[in-house]
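So this block is input_25.cif, mmCIF, C-alpha atoms:
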```
data_entry
#
loop_
_atom_site.group_PDB
_atom_site.id
_atom_site.type_symbol
_atom_site.label_atom_id
_atom_site.label_comp_id
_atom_site.auth_asym_id
_atom_site.auth_seq_id
_atom_site.Cartn_x
_atom_site.Cartn_y
_atom_site.Cartn_z
ATOM 1 C CA MET A 1 35.186 -35.700 6.475
ATOM 2 C CA PRO A 2 34.041 -32.142 7.063
ATOM 3 C CA GLU A 3 32.297 -32.013 3.688
ATOM 4 C CA LYS A 4 30.025 -34.858 4.645
ATOM 5 C CA ILE A 5 29.175 -33.251 7.973
ATOM 6 C CA ASP A 6 28.340 -29.993 6.189
ATOM 7 C CA LYS A 7 26.091 -31.809 3.806
ATOM 8 C CA ASN A 8 24.309 -33.663 6.608
ATOM 9 C CA ASN A 9 23.904 -30.419 8.481
ATOM 10 C CA PHE A 10 22.447 -28.820 5.425
ATOM 11 C CA LEU A 11 20.033 -31.677 4.777
ATOM 12 C CA SER A 12 18.815 -31.686 8.342
ATOM 13 C CA PHE A 13 18.446 -27.910 8.139
ATOM 14 C CA VAL A 14 16.271 -28.292 5.018
ATOM 15 C CA TYR A 15 14.113 -30.955 6.644
ATOM 16 C CA ASP A 16 13.901 -28.996 9.876
ATOM 17 C CA PHE A 17 12.915 -25.896 7.927
ATOM 18 C CA TYR A 18 10.195 -27.874 6.127
ATOM 19 C CA VAL A 19 8.804 -29.240 9.417
ATOM 20 C CA LYS A 20 8.849 -25.812 11.029
ATOM 21 C CA THR A 21 7.212 -24.001 8.113
ATOM 22 C CA LYS A 22 4.462 -26.636 8.133
ATOM 23 C CA ALA A 23 3.986 -26.254 11.891
ATOM 24 C CA GLN A 24 3.791 -22.461 11.642
ATOM 25 C CA GLU A 25 1.388 -22.722 8.674
ATOM 26 C CA ILE A 26 3.651 -20.568 6.522
ATOM 27 C CA ASN A 27 2.199 -19.883 3.079
ATOM 28 C CA LEU A 28 5.026 -17.782 1.799
ATOM 29 C CA PHE A 29 8.550 -17.148 2.995
ATOM 30 C CA TYR A 30 11.172 -14.945 1.409
ATOM 31 C CA GLU A 31 14.514 -13.522 2.387
ATOM 32 C CA GLY A 32 16.326 -11.058 0.201
ATOM 33 C CA GLU A 33 15.960 -7.828 -1.660
ATOM 34 C CA ILE A 34 12.382 -6.603 -1.963
ATOM 35 C CA THR A 35 11.778 -5.026 -5.344
ATOM 36 C CA HIS A 36 8.678 -3.931 -7.186
ATOM 37 C CA GLN A 37 8.805 -7.147 -9.237
ATOM 38 C CA ILE A 38 8.942 -9.232 -6.058
ATOM 39 C CA THR A 39 5.982 -7.305 -4.647
ATOM 40 C CA LYS A 40 3.977 -7.953 -7.799
ATOM 41 C CA ALA A 41 4.891 -11.639 -7.868
ATOM 42 C CA PHE A 42 4.007 -12.258 -4.206
ATOM 43 C CA THR A 43 0.729 -10.382 -4.295
ATOM 44 C CA SER A 44 -0.461 -12.133 -7.440
ATOM 45 C CA LEU A 45 0.610 -15.512 -6.058
ATOM 46 C CA THR A 46 -1.295 -14.903 -2.824
ATOM 47 C CA GLU A 47 -4.294 -13.502 -4.701
ATOM 48 C CA ALA A 48 -4.509 -16.614 -6.868
ATOM 49 C CA LYS A 49 -4.283 -18.821 -3.783
ATOM 50 C CA MET A 50 -7.010 -16.889 -1.944
ATOM 51 C CA LEU A 51 -9.247 -17.004 -5.003
ATOM 52 C CA LYS A 52 -8.800 -20.769 -5.139
ATOM 53 C CA ASP A 53 -9.568 -21.002 -1.409
ATOM 54 C CA GLU A 54 -12.716 -18.919 -2.027
ATOM 55 C CA GLU A 55 -11.676 -16.371 0.542
ATOM 56 C CA PRO A 56 -14.267 -13.547 0.837
ATOM 57 C CA ASN A 57 -13.574 -10.550 -1.392
ATOM 58 C CA THR A 58 -13.056 -8.190 1.528
ATOM 59 C CA VAL A 59 -10.467 -10.498 3.106
ATOM 60 C CA GLN A 60 -8.644 -10.850 -0.222
ATOM 61 C CA LYS A 61 -8.475 -7.101 -0.643
ATOM 62 C CA LYS A 62 -7.231 -6.502 2.889
ATOM 63 C CA VAL A 63 -4.530 -9.174 2.635
ATOM 64 C CA PHE A 64 -3.449 -7.752 -0.724
ATOM 65 C CA HIS A 65 -3.326 -4.260 0.723
ATOM 66 C CA VAL A 66 -1.355 -5.222 3.818
ATOM 67 C CA MET A 67 1.128 -7.207 1.707
ATOM 68 C CA VAL A 68 1.728 -4.270 -0.634
ATOM 69 C CA GLU A 69 2.233 -1.800 2.204
ATOM 70 C CA CYS A 70 4.517 -4.135 4.182
ATOM 71 C CA LEU A 71 6.648 -5.000 1.167
ATOM 72 C CA GLN A 72 6.922 -1.350 0.213
ATOM 73 C CA ASN A 73 7.893 -0.453 3.757
ATOM 74 C CA ILE A 74 10.891 -2.740 3.461
ATOM 75 C CA SER A 75 11.845 -1.636 -0.020
ATOM 76 C CA LYS A 76 11.586 2.027 0.907
ATOM 77 C CA HIS A 77 12.721 2.163 4.507
ATOM 78 C CA ALA A 78 15.116 -0.665 5.220
ATOM 79 C CA ASP A 79 18.107 1.420 4.292
ATOM 80 C CA HIS A 80 21.384 2.051 5.989
ATOM 81 C CA LYS A 81 22.806 5.177 4.503
ATOM 82 C CA ASN A 82 24.920 5.875 7.549
ATOM 83 C CA HIS A 83 26.354 2.447 7.970
ATOM 84 C CA ASP A 84 29.276 0.689 6.446
ATOM 85 C CA ALA A 85 28.941 -1.723 3.565
ATOM 86 C CA THR A 86 28.845 -4.753 5.862
ATOM 87 C CA ALA A 87 25.432 -3.691 7.103
ATOM 88 C CA THR A 88 22.356 -5.074 5.421
ATOM 89 C CA LYS A 89 21.827 -3.710 1.976
ATOM 90 C CA GLN A 90 18.987 -1.372 1.208
ATOM 91 C CA GLY A 91 15.574 -2.918 0.758
ATOM 92 C CA ARG A 92 16.431 -6.342 2.134
ATOM 93 C CA GLY A 93 14.463 -8.252 4.663
ATOM 94 C CA ILE A 94 12.328 -11.271 5.352
ATOM 95 C CA PHE A 95 8.696 -11.577 4.459
ATOM 96 C CA LEU A 96 6.235 -14.220 5.648
ATOM 97 C CA VAL A 97 2.569 -14.888 5.148
ATOM 98 C CA THR A 98 0.977 -17.371 7.518
ATOM 99 C CA LYS A 99 -2.607 -18.505 7.669
ATOM 100 C CA ASN A 100 -4.726 -20.395 10.150
ATOM 101 C CA THR A 101 -8.444 -20.957 10.501
ATOM 102 C CA ILE A 102 -9.136 -17.526 11.948
ATOM 103 C CA GLN A 103 -6.627 -15.146 10.382
ATOM 104 C CA TYR A 104 -3.844 -14.264 7.997
ATOM 105 C CA ASN A 105 -0.612 -12.863 9.421
ATOM 106 C CA VAL A 106 1.795 -10.841 7.349
ATOM 107 C CA THR A 107 5.204 -10.588 9.021
ATOM 108 C CA THR A 108 8.181 -8.575 7.905
ATOM 109 C CA GLY A 109 11.651 -8.407 9.404
ATOM 110 C CA ASN A 110 14.443 -6.042 8.551
ATOM 111 C CA THR A 111 17.448 -4.432 10.182
ATOM 112 C CA ILE A 112 17.205 -0.818 11.252
ATOM 113 C CA PRO A 113 19.752 1.549 12.798
ATOM 114 C CA ASN A 114 19.300 1.760 16.577
ATOM 115 C CA ASP A 115 19.000 5.538 16.427
ATOM 116 C CA ARG A 116 15.773 5.194 14.473
ATOM 117 C CA ILE A 117 14.047 2.876 16.951
ATOM 118 C CA ALA A 118 12.757 5.572 19.281
ATOM 119 C CA SER A 119 10.868 7.506 16.605
ATOM 120 C CA LEU A 120 9.532 4.348 14.956
ATOM 121 C CA GLN A 121 8.419 2.970 18.325
ATOM 122 C CA SER A 122 6.598 6.141 19.316
ATOM 123 C CA MET A 123 4.861 6.240 15.937
ATOM 124 C CA LEU A 124 3.714 2.616 16.298
ATOM 125 C CA GLU A 125 2.660 3.146 19.926
ATOM 126 C CA ASN A 126 0.621 6.130 18.864
ATOM 127 C CA ILE A 127 -1.097 4.160 16.086
ATOM 128 C CA ASN A 128 -1.884 1.290 18.472
ATOM 129 C CA SER A 129 -3.374 3.688 21.016
ATOM 130 C CA LEU A 130 -5.974 4.977 18.565
ATOM 131 C CA ASP A 131 -9.438 3.665 17.786
ATOM 132 C CA LYS A 132 -10.964 3.695 14.322
ATOM 133 C CA MET A 133 -11.972 7.374 14.477
ATOM 134 C CA GLY A 134 -8.556 8.346 15.788
ATOM 135 C CA LEU A 135 -6.856 6.450 12.963
ATOM 136 C CA LYS A 136 -9.048 8.157 10.391
ATOM 137 C CA LYS A 137 -8.111 11.515 11.825
ATOM 138 C CA LEU A 138 -4.403 10.692 11.860
ATOM 139 C CA TYR A 139 -4.616 9.394 8.286
ATOM 140 C CA LYS A 140 -6.254 12.582 7.087
ATOM 141 C CA GLN A 141 -3.715 14.712 8.901
ATOM 142 C CA GLN A 142 -0.795 12.734 7.477
ATOM 143 C CA ILE A 143 -2.077 12.686 3.903
ATOM 144 C CA ARG A 144 -2.553 16.467 4.036
ATOM 145 C CA GLU A 145 0.652 17.400 5.783
ATOM 146 C CA GLY A 146 3.006 14.577 4.877
ATOM 147 C CA ARG A 147 5.308 14.898 1.927
ATOM 148 C CA LEU A 148 6.172 12.135 -0.462
ATOM 149 C CA SER A 149 9.722 11.047 0.311
ATOM 150 C CA ASP A 150 12.235 10.720 -2.514
ATOM 151 C CA LYS A 151 11.627 6.990 -2.353
ATOM 152 C CA GLY A 152 7.905 7.445 -2.795
ATOM 153 C CA GLY A 153 6.823 6.763 0.784
ATOM 154 C CA ALA A 154 3.921 8.797 2.074
ATOM 155 C CA GLY A 155 4.251 7.891 5.783
ATOM 156 C CA LEU A 156 0.794 6.383 5.630
ATOM 157 C CA GLY A 157 1.492 2.649 5.453
ATOM 158 C CA PHE A 158 1.316 1.694 9.139
ATOM 159 C CA ILE A 159 -1.681 3.942 9.788
ATOM 160 C CA ASP A 160 -3.525 2.453 6.863
ATOM 161 C CA ILE A 161 -2.741 -1.136 7.853
ATOM 162 C CA ALA A 162 -4.128 -0.511 11.356
ATOM 163 C CA LYS A 163 -7.158 1.278 9.926
ATOM 164 C CA LYS A 164 -8.018 -1.367 7.320
ATOM 165 C CA THR A 165 -7.363 -4.461 9.457
ATOM 166 C CA GLY A 166 -8.899 -3.100 12.662
ATOM 167 C CA GLN A 167 -6.109 -4.900 14.544
ATOM 168 C CA LYS A 168 -3.175 -3.669 16.592
ATOM 169 C CA LEU A 169 0.254 -3.808 14.998
ATOM 170 C CA ASP A 170 2.485 -6.356 16.700
ATOM 171 C CA TYR A 171 6.133 -5.295 16.686
ATOM 172 C CA HIS A 172 9.442 -6.177 18.295
ATOM 173 C CA PHE A 173 12.995 -4.948 18.133
ATOM 174 C CA ILE A 174 15.804 -7.458 18.626
ATOM 175 C CA LYS A 175 19.172 -5.909 19.270
ATOM 176 C CA ILE A 176 21.928 -7.109 16.915
ATOM 177 C CA ASP A 177 24.812 -4.861 18.004
ATOM 178 C CA ASP A 178 25.531 -1.270 18.993
ATOM 179 C CA ASN A 179 24.412 0.022 15.604
ATOM 180 C CA LEU A 180 21.646 -2.225 14.412
ATOM 181 C CA SER A 181 18.504 -3.981 15.516
ATOM 182 C CA PHE A 182 16.138 -6.384 13.801
ATOM 183 C CA PHE A 183 12.623 -4.984 13.490
ATOM 184 C CA ILE A 184 9.787 -7.503 13.274
ATOM 185 C CA LEU A 185 6.260 -6.401 12.462
ATOM 186 C CA THR A 186 3.185 -8.604 12.205
ATOM 187 C CA SER A 187 -0.132 -7.422 10.789
ATOM 188 C CA THR A 188 -3.229 -9.535 11.232
ATOM 189 C CA ILE A 189 -6.214 -9.854 8.931
ATOM 190 C CA LYS A 190 -9.232 -11.677 10.348
ATOM 191 C CA ARG A 191 -10.808 -14.139 7.916
ATOM 192 C CA LYS A 192 -14.366 -13.097 8.689
ATOM 193 C CA MET B 1 -6.119 20.475 -25.486
ATOM 194 C CA GLN B 2 -3.944 17.398 -25.708
ATOM 195 C CA VAL B 3 -5.719 14.155 -24.847
ATOM 196 C CA ILE B 4 -4.115 11.834 -22.316
ATOM 197 C CA LYS B 5 -4.902 8.152 -22.719
ATOM 198 C CA ILE B 6 -2.946 5.695 -20.613
ATOM 199 C CA LYS B 7 -3.887 2.054 -20.802
ATOM 200 C CA GLY B 8 -3.957 0.390 -17.398
ATOM 201 C CA THR B 9 -1.769 -2.502 -16.312
ATOM 202 C CA ASP B 10 -1.907 -4.707 -13.219
ATOM 203 C CA ASP B 11 -0.135 -1.976 -11.241
ATOM 204 C CA THR B 12 -1.039 1.268 -13.004
ATOM 205 C CA PRO B 13 -4.490 2.707 -13.633
ATOM 206 C CA THR B 14 -6.225 3.565 -16.895
ATOM 207 C CA VAL B 15 -6.239 7.323 -17.324
ATOM 208 C CA ILE B 16 -8.326 9.256 -19.825
ATOM 209 C CA LEU B 17 -8.231 13.041 -19.875
ATOM 210 C CA ASP B 18 -10.223 14.285 -22.835
ATOM 211 C CA VAL B 19 -11.626 17.817 -22.737
ATOM 212 C CA GLU B 20 -13.348 17.671 -26.116
ATOM 213 C CA ASN B 21 -15.449 14.697 -25.059
ATOM 214 C CA LYS B 22 -15.760 16.051 -21.520
ATOM 215 C CA PHE B 23 -14.372 12.840 -20.099
ATOM 216 C CA MET B 24 -11.843 12.606 -17.311
ATOM 217 C CA GLU B 25 -11.393 9.319 -15.525
ATOM 218 C CA ILE B 26 -8.856 7.340 -13.538
ATOM 219 C CA SER B 27 -9.761 3.687 -13.126
ATOM 220 C CA GLY B 28 -8.306 0.339 -12.172
ATOM 221 C CA ARG B 29 -5.364 -0.388 -9.895
ATOM 222 C CA SER B 30 -2.743 2.035 -8.747
ATOM 223 C CA LEU B 31 0.487 0.842 -7.180
ATOM 224 C CA PRO B 32 3.121 2.098 -9.618
ATOM 225 C CA GLU B 33 6.777 1.448 -8.930
ATOM 226 C CA ASP B 34 7.406 5.191 -9.141
ATOM 227 C CA VAL B 35 4.215 7.031 -8.171
ATOM 228 C CA ALA B 36 5.587 10.518 -8.790
ATOM 229 C CA ALA B 37 6.759 9.648 -12.312
ATOM 230 C CA PHE B 38 3.374 8.140 -13.128
ATOM 231 C CA TYR B 39 1.247 11.001 -11.795
ATOM 232 C CA ASP B 40 3.436 13.963 -12.768
ATOM 233 C CA PRO B 41 2.152 14.191 -16.386
ATOM 234 C CA ILE B 42 -1.425 14.011 -15.084
ATOM 235 C CA LEU B 43 -0.849 16.838 -12.609
ATOM 236 C CA GLU B 44 0.875 18.914 -15.319
ATOM 237 C CA TRP B 45 -2.062 18.306 -17.632
ATOM 238 C CA LEU B 46 -4.424 19.530 -14.904
ATOM 239 C CA ASP B 47 -2.318 22.679 -14.449
ATOM 240 C CA ASP B 48 -2.796 23.431 -18.150
ATOM 241 C CA TYR B 49 -6.461 22.529 -17.986
ATOM 242 C CA ALA B 50 -6.975 24.879 -15.014
ATOM 243 C CA GLU B 51 -6.024 27.827 -17.250
ATOM 244 C CA ASN B 52 -9.109 27.344 -19.366
ATOM 245 C CA PRO B 53 -11.462 24.765 -17.809
ATOM 246 C CA LEU B 54 -14.909 23.675 -18.956
ATOM 247 C CA THR B 55 -17.781 25.484 -17.243
ATOM 248 C CA LYS B 56 -18.534 22.152 -15.613
ATOM 249 C CA THR B 57 -15.764 19.663 -14.868
ATOM 250 C CA VAL B 58 -16.769 16.113 -14.015
ATOM 251 C CA PHE B 59 -13.906 13.890 -12.872
ATOM 252 C CA ASP B 60 -14.506 10.172 -12.361
ATOM 253 C CA PHE B 61 -12.458 8.012 -10.017
ATOM 254 C CA LYS B 62 -13.200 4.350 -10.510
ATOM 255 C CA LEU B 63 -10.357 2.646 -8.727
ATOM 256 C CA VAL B 64 -10.492 -0.897 -7.431
ATOM 257 C CA TYR B 65 -7.236 -0.585 -5.534
ATOM 258 C CA PHE B 66 -4.625 2.015 -4.676
ATOM 259 C CA ASN B 67 -1.670 1.923 -2.305
ATOM 260 C CA THR B 68 -0.913 4.640 0.247
ATOM 261 C CA ALA B 69 1.797 6.172 -1.935
ATOM 262 C CA SER B 70 -0.818 6.645 -4.676
ATOM 263 C CA SER B 71 -3.322 8.053 -2.184
ATOM 264 C CA LYS B 72 -1.106 11.084 -1.690
ATOM 265 C CA LEU B 73 -0.980 11.734 -5.457
ATOM 266 C CA LEU B 74 -4.743 11.243 -5.775
ATOM 267 C CA LEU B 75 -5.116 13.974 -3.160
ATOM 268 C CA ASP B 76 -2.869 16.205 -5.275
ATOM 269 C CA ILE B 77 -5.245 15.677 -8.214
ATOM 270 C CA LEU B 78 -8.236 16.515 -6.020
ATOM 271 C CA LEU B 79 -6.498 19.632 -4.718
ATOM 272 C CA LYS B 80 -6.014 20.803 -8.328
ATOM 273 C CA LEU B 81 -9.727 20.250 -8.919
ATOM 274 C CA GLU B 82 -10.416 22.238 -5.758
ATOM 275 C CA GLU B 83 -8.353 25.126 -7.178
ATOM 276 C CA ILE B 84 -10.462 25.033 -10.346
ATOM 277 C CA ALA B 85 -13.614 25.147 -8.212
ATOM 278 C CA ASP B 86 -12.167 27.997 -6.138
ATOM 279 C CA GLU B 87 -11.912 30.040 -9.338
ATOM 280 C CA GLY B 88 -15.685 29.880 -9.582
ATOM 281 C CA ASN B 89 -16.022 26.889 -11.899
ATOM 282 C CA GLU B 90 -18.371 24.007 -11.314
ATOM 283 C CA VAL B 91 -16.515 20.820 -10.381
ATOM 284 C CA LEU B 92 -17.986 17.440 -9.553
ATOM 285 C CA VAL B 93 -15.971 14.437 -8.426
ATOM 286 C CA LYS B 94 -17.664 11.106 -8.954
ATOM 287 C CA TRP B 95 -16.173 8.491 -6.658
ATOM 288 C CA HIS B 96 -17.085 5.006 -7.882
ATOM 289 C CA TYR B 97 -16.616 2.024 -5.585
ATOM 290 C CA PRO B 98 -17.511 -1.663 -5.856
ATOM 291 C CA GLU B 99 -20.695 -2.159 -3.832
ATOM 292 C CA ASP B 100 -19.069 -4.610 -1.410
ATOM 293 C CA ASP B 101 -15.941 -2.543 -0.864
ATOM 294 C CA GLU B 102 -16.334 -0.531 2.337
ATOM 295 C CA ASP B 103 -12.696 0.544 2.350
ATOM 296 C CA MET B 104 -13.003 2.124 -1.102
ATOM 297 C CA GLU B 105 -16.264 3.792 -0.118
ATOM 298 C CA GLU B 106 -14.601 5.133 3.019
ATOM 299 C CA ALA B 107 -11.625 6.410 1.030
ATOM 300 C CA GLY B 108 -14.031 8.513 -1.033
ATOM 301 C CA GLU B 109 -15.676 9.882 2.117
ATOM 302 C CA GLU B 110 -12.296 10.802 3.549
ATOM 303 C CA TYR B 111 -11.241 12.659 0.426
ATOM 304 C CA ALA B 112 -14.594 14.443 0.397
ATOM 305 C CA ASP B 113 -13.842 15.613 3.957
ATOM 306 C CA ILE B 114 -10.407 16.894 3.033
ATOM 307 C CA VAL B 115 -11.093 18.774 -0.205
ATOM 308 C CA ASP B 116 -13.699 21.408 -0.790
ATOM 309 C CA VAL B 117 -15.250 20.020 -3.988
ATOM 310 C CA SER B 118 -18.659 18.467 -4.668
ATOM 311 C CA PHE B 119 -18.425 14.707 -4.285
ATOM 312 C CA GLU B 120 -20.837 12.096 -5.498
ATOM 313 C CA GLN B 121 -20.417 8.541 -4.229
ATOM 314 C CA VAL B 122 -21.458 5.961 -6.809
ATOM 315 C CA SER B 123 -21.564 2.252 -6.001
ATOM 316 C CA TYR B 124 -21.397 -0.277 -8.787
ATOM 317 C CA SER B 125 -21.675 -4.024 -9.052
ATOM 318 C CA LEU B 126 -18.665 -5.992 -10.231
ATOM 319 C CA ASP B 127 -20.769 -8.660 -11.961
#
```
Please render this file's structure as structure tokens.
Amino acid sequence: MPEKIDKNNFLSFVYDFYVKTKAQEINLFYEGEITHQITKAFTSLTEAKMLKDEEPNTVQKKVFHVMVECLQNISKHADHKNHDATATKQGRGIFLVTKNTIQYNVTTGNTIPNDRIASLQSMLENINSLDKMGLKKLYKQQIREGRLSDKGGAGLGFIDIAKKTGQKLDYHFIKIDDNLSFFILTSTIKRK
Amino acid sequence: MQVIKIKGTDDTPTVILDVENKFMEISGRSLPEDVAAFYDPILEWLDDYAENPLTKTVFDFKLVYFNTASSKLLLDILLKLEEIADEGNEVLVKWHYPEDDEDMEEAGEEYADIVDVSFEQVSYSLD
């Protein structure tokens, strides 16, 4: 009875997923298209939760900020203009917020064309190599010289996340095939 | 001159541009879905205003939050104010920040470094 096996598989997947999200202390998990409405819903949900947890104001603001920038990164950059329709649709990805006693982690994952990895990697490496003063300088340079893309990106998101959190950006690329890779980025906000 | 009054929402700021009452302020939260569409009318208004500005322009920024996409448009506003100052007019930017918000204070300092306009940093209490 294949149907029954499928159902059992599904149920054990659900339970397994529950156990794993608990173990990883996942506060929020989402897979799908990231829209402005989704961004608003997630940030207000997380804000309400942090308020209830009496998280310090500065932590709340930083988490809010990192969430907005990460979600907007996906909605604005996770596109595949040059790929066939079977590739991931524009603005889709996964989004996770995890929390433990010392920090919040905001993780995003989305597919990107392999030919864009090199430039993204060098940009992230550069950001991670800079101290606070260096980040301020880069931010000022980018805000002056950068142009707003047609999707409304200012090229400032990653710089600003590093600058406001004071933490290095943690990123990985997992190869999917000859055209695409999965890009995972985790930003960390210390709770005190 | 036409008065601009935009009531803020949870993702767009309150904007008041009123020459007659010498009041120009952007306050609240700024993370609009389409930043360019939101700020374009404000920048156009400033272009018109620059033709015949007050002898002293005071522009208040009292934002509690803005995303990086908005930060670029806020710079565009400041650059318009700089142009007005370059024409020999007095311009003062008042940058208000919640007293416990270092990031907002720093944002004001950074803008002050970038544009050549008088800046006044004003801290306020949220209570």
I'd like a table as a tab-separated table: residues in region 36-104 of chain B with an atom no more than 9 Å from region 46-61 of chain A, each row giving the shortest atom pair and its distance in Å to one decimal, only C-alpha atoms counted, sorted by chain and rising residue number.
```
residue	atom	partner	partner_atom	distance
B:Tyr65	CA	A:Lys61	CA	8.2
B:Asp100	CA	A:Thr58	CA	7.6
B:Asp101	CA	A:Thr58	CA	6.8
B:Glu102	CA	A:Thr58	CA	8.4
B:Asp103	CA	A:Thr58	CA	8.8
```
What separates CA of Ile102 (chain A) and CA of Ile189 (chain A) is a distance of 8.7 Å
Applied to this file, what does the PyMOL selection byres ((chain B) within 12 of (chain A)) return in terms of residues, put as number ranges by chain? B: 9-12, 29-39, 64-76, 78-79, 98-104, 106-115, 126
Any chance you can output those residues with C-alpha atoms as a compact mmCIF listing (two decimals), in the frame of the given file?
```txt
# COMPACT_ATOMS: atom_id res chain seq x y z
CA THR B 9 -1.77 -2.50 -16.31
CA ASP B 10 -1.91 -4.71 -13.22
CA ASP B 11 -0.14 -1.98 -11.24
CA THR B 12 -1.04 1.27 -13.00
CA ARG B 29 -5.36 -0.39 -9.90
CA SER B 30 -2.74 2.04 -8.75
CA LEU B 31 0.49 0.84 -7.18
CA PRO B 32 3.12 2.10 -9.62
CA GLU B 33 6.78 1.45 -8.93
CA ASP B 34 7.41 5.19 -9.14
CA VAL B 35 4.22 7.03 -8.17
CA ALA B 36 5.59 10.52 -8.79
CA ALA B 37 6.76 9.65 -12.31
CA PHE B 38 3.37 8.14 -13.13
CA TYR B 39 1.25 11.00 -11.80
CA VAL B 64 -10.49 -0.90 -7.43
CA TYR B 65 -7.24 -0.58 -5.53
CA PHE B 66 -4.62 2.02 -4.68
CA ASN B 67 -1.67 1.92 -2.31
CA THR B 68 -0.91 4.64 0.25
CA ALA B 69 1.80 6.17 -1.94
CA SER B 70 -0.82 6.64 -4.68
CA SER B 71 -3.32 8.05 -2.18
CA LYS B 72 -1.11 11.08 -1.69
CA LEU B 73 -0.98 11.73 -5.46
CA LEU B 74 -4.74 11.24 -5.78
CA LEU B 75 -5.12 13.97 -3.16
CA ASP B 76 -2.87 16.20 -5.28
CA LEU B 78 -8.24 16.52 -6.02
CA LEU B 79 -6.50 19.63 -4.72
CA PRO B 98 -17.51 -1.66 -5.86
CA GLU B 99 -20.70 -2.16 -3.83
CA ASP B 100 -19.07 -4.61 -1.41
CA ASP B 101 -15.94 -2.54 -0.86
CA GLU B 102 -16.33 -0.53 2.34
CA ASP B 103 -12.70 0.54 2.35
CA MET B 104 -13.00 2.12 -1.10
CA GLU B 106 -14.60 5.13 3.02
CA ALA B 107 -11.62 6.41 1.03
CA GLY B 108 -14.03 8.51 -1.03
CA GLU B 109 -15.68 9.88 2.12
CA GLU B 110 -12.30 10.80 3.55
CA TYR B 111 -11.24 12.66 0.43
CA ALA B 112 -14.59 14.44 0.40
CA ASP B 113 -13.84 15.61 3.96
CA ILE B 114 -10.41 16.89 3.03
CA VAL B 115 -11.09 18.77 -0.20
CA LEU B 126 -18.66 -5.99 -10.23
```
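Put simply, CA of Leu92 (chain B) is 6.2 Å away from CA of Thr57 (chain B).
The two atoms in question, CA of Ser187 (chain A) and CA of Lys22 (chain A), are spaced 19.9 Å apart.
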| task | Output the residue selection produced by the PyMOL selection byres ((chain A and resi 184) around 10) on the file above, formatted as a PyMOL selection string. | result | chain A and resi 93-95+107-111+170-174+181-183+185-186
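Comparing B:Tyr97, B:Trp45, B:Phe61, B:Tyr124 by their smallest distance to Thr14 (chain B), the closest is B:Phe61 (using all atoms listed in the file).
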### Message
Here's the selection I'm unsure about, the PyMOL selection byres ((chain A and resi 115-127) around 9); applied to the file above, which residues does it give, as JSON, numbers by chain?
### Response
{"A": [112, 113, 114, 128, 129, 130, 131, 134, 135, 138, 158, 159, 162, 168, 169, 171, 173, 179, 180, 181, 183]}
